[in-house]
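**Student:** Structure in structure tokens, see below.
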Amino acid sequence: MRLGVLDIGSNTGHLLVVDAHGGAAPSPAYSFKQPLRLAEHLDEAGDVTEAGIEALAAFTRDSVAVAEEKGVSEMLAFATSAVRDAGNSQAVLDRVHAETGVEIEVLPGDDEARLTFLAVRRWFGWSAGRLAVFDIGGGSLEIAAGLDEQPYVAWSLPLGAGRLARSYFGDRPTDEELREMRRMIRAAIAEDAGKILRGGHPDMAVATSKTFRSLARICGAAPSGEGLRVRRELPLAELRRWIPKLLEMSLEELSELPGVSPSRAHQIVPGALVAEACLDIFDLPAFEICPWALREGLILDRMDHLSFIDSSHLGRSD
């Protein structure tokens, strides 16, 4: 079947059209995305602003038109931390539904971590052993770990690169502000680090999504043009070598780095600090980079559900 996955993230709205069936890897057919930056369209009360709601409704409306043109038979629409954490979350969803007919589901943070873990497990397979998965989005950081397809632990922290950029990087931070942000990031991650470490040190630590891919590219990983299956990693030693350089760069200079888009340049430094903290606190020398993340996890979960329904009818006689 042809599925459309409408992903309303904290940074970007992304409609991914895929051809999928049980037992096969989802095959991308078309991609449509726009920078919404909802994490930065919040007022002082933490509500999504009128401009943010209008941008979301317009993108959703355009996505419906694209999905129809591409022959999508079912669309899964979901939103992550920017909408999830907004004070007017339900009002935003009701407004978009009224204007577009699309019901957007808000994913809880632990579900986001669980579905991303599923995608990573399917990509690397059982030979990866005990997996630890890290995903920095615009609004949150998801962490999950386990031996199976379902993680034994999964949680979400408000440490997204966009959220931190808005809170700490309106202007170039002072040394004291930078130290305070480092302390805050590390304390938040370390508070529940035992959830993973009590289960044993991971055999493979994996990072997903755009911020990690950009950081890996800065640190020497192969460009996207070389294909999905090229091995890419983000080494702690190389990241530490780059962080002082990144702190000295202007937004224009950051946007000229390989793998960094102008719309996300302001998030690279806070993203790098979160990545460094994760690697350091969990005593990891490097992250493997996985090209699959939350969207693929949702597709796989949906196809598993449909396959289960189909198999439950086998052998029945009416």
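Following the order of the structure tokens, chains are lettered A, B, ..., residues in each are numbered from 1, and ligands are numbered from 1.
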With a distance cut-off of 9 Å and only C-alpha atoms, select the neighbouring residues of Pro35 of chain A, excluding the residue or stretch itself and same-chain residues fewer than 5 positions from it, and output the selection as an mmCIF file with C-alpha atoms, in the first residue's frame.
**Tutor:**
```cif
data_model
loop_
_atom_site.group_PDB
_atom_site.id
_atom_site.type_symbol
_atom_site.label_atom_id
_atom_site.label_comp_id
_atom_site.auth_asym_id
_atom_site.auth_seq_id
_atom_site.Cartn_x
_atom_site.Cartn_y
_atom_site.Cartn_z
ATOM 1 C CA ASN A 11 11.747 22.219 13.241
ATOM 2 C CA THR A 12 10.161 20.883 10.087
ATOM 3 C CA GLY A 13 6.896 19.672 8.647
ATOM 4 C CA HIS A 14 7.585 16.609 6.501
ATOM 5 C CA SER A 263 17.507 27.053 8.772
#
```
**Student:** Considering only helix (DSSP H, G or I) as DSSP defines it on the backbone, what residues of segment 53-294 of chain A qualify? List them as a VMD selection string.
**Tutor:** chain A and resid 53 to 69 81 to 84 89 to 100 109 to 124 126 to 128 161 to 168 175 to 191 194 to 197 210 to 218 224 to 226 236 to 248 251 to 255 262 to 281 294
**Student:** Extract, using only C-alpha atoms, all DNA, RNA and protein residues at most 10 Å from Glu253 of chain A, discarding same-chain residues fewer than 6 positions from it, and format them as a list in words.
**Tutor:** Leu246, Pro262 and Ala265 of chain A
**Student:** Next, dump the selected residues to file, keeping only N, CA, C and O atoms, as a PDB file, in the first residue's frame.
**Tutor:**
```pdb
ATOM      1  N   LEU A 246      33.112  25.527  16.638  1.00  0.00           N
ATOM      2  CA  LEU A 246      31.715  25.875  16.397  1.00  0.00           C
ATOM      3  C   LEU A 246      31.296  27.068  17.242  1.00  0.00           C
ATOM      4  O   LEU A 246      30.539  27.938  16.790  1.00  0.00           O
ATOM      5  N   PRO A 262      20.938  26.384   6.335  1.00  0.00           N
ATOM      6  CA  PRO A 262      20.812  27.693   6.982  1.00  0.00           C
ATOM      7  C   PRO A 262      19.712  27.743   8.040  1.00  0.00           C
ATOM      8  O   PRO A 262      19.863  28.420   9.059  1.00  0.00           O
ATOM      9  N   ALA A 265      21.243  26.192  11.285  1.00  0.00           N
ATOM     10  CA  ALA A 265      22.599  26.557  11.708  1.00  0.00           C
ATOM     11  C   ALA A 265      22.646  26.963  13.179  1.00  0.00           C
ATOM     12  O   ALA A 265      23.597  26.630  13.896  1.00  0.00           O
TER      13      ALA A 265
END
```
**Student:** What's the 9 Å shell around Leu6 of chain A, counting only C-alpha atoms, without same-chain residues fewer than 3 positions away, as an MDAnalysis selection string?
**Tutor:** chainID A and resid 13:17 60 63 75:79 104 295
**Student:** Expressed in Å to a single decimal, how great is the separation between atom CA of Val83 of chain A and atom CA of Leu159 of chain A?
**Tutor:** 15.1 Å
**Student:** Could you check the closest approach to Val106 of chain A for each of A:Arg37, A:Ile8, A:Thr174, A:Tyr168 and tell me which residue wins, using only C-alpha atoms?
**Tutor:**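 The closest residue to Val106 of chain A is A:Ile8.
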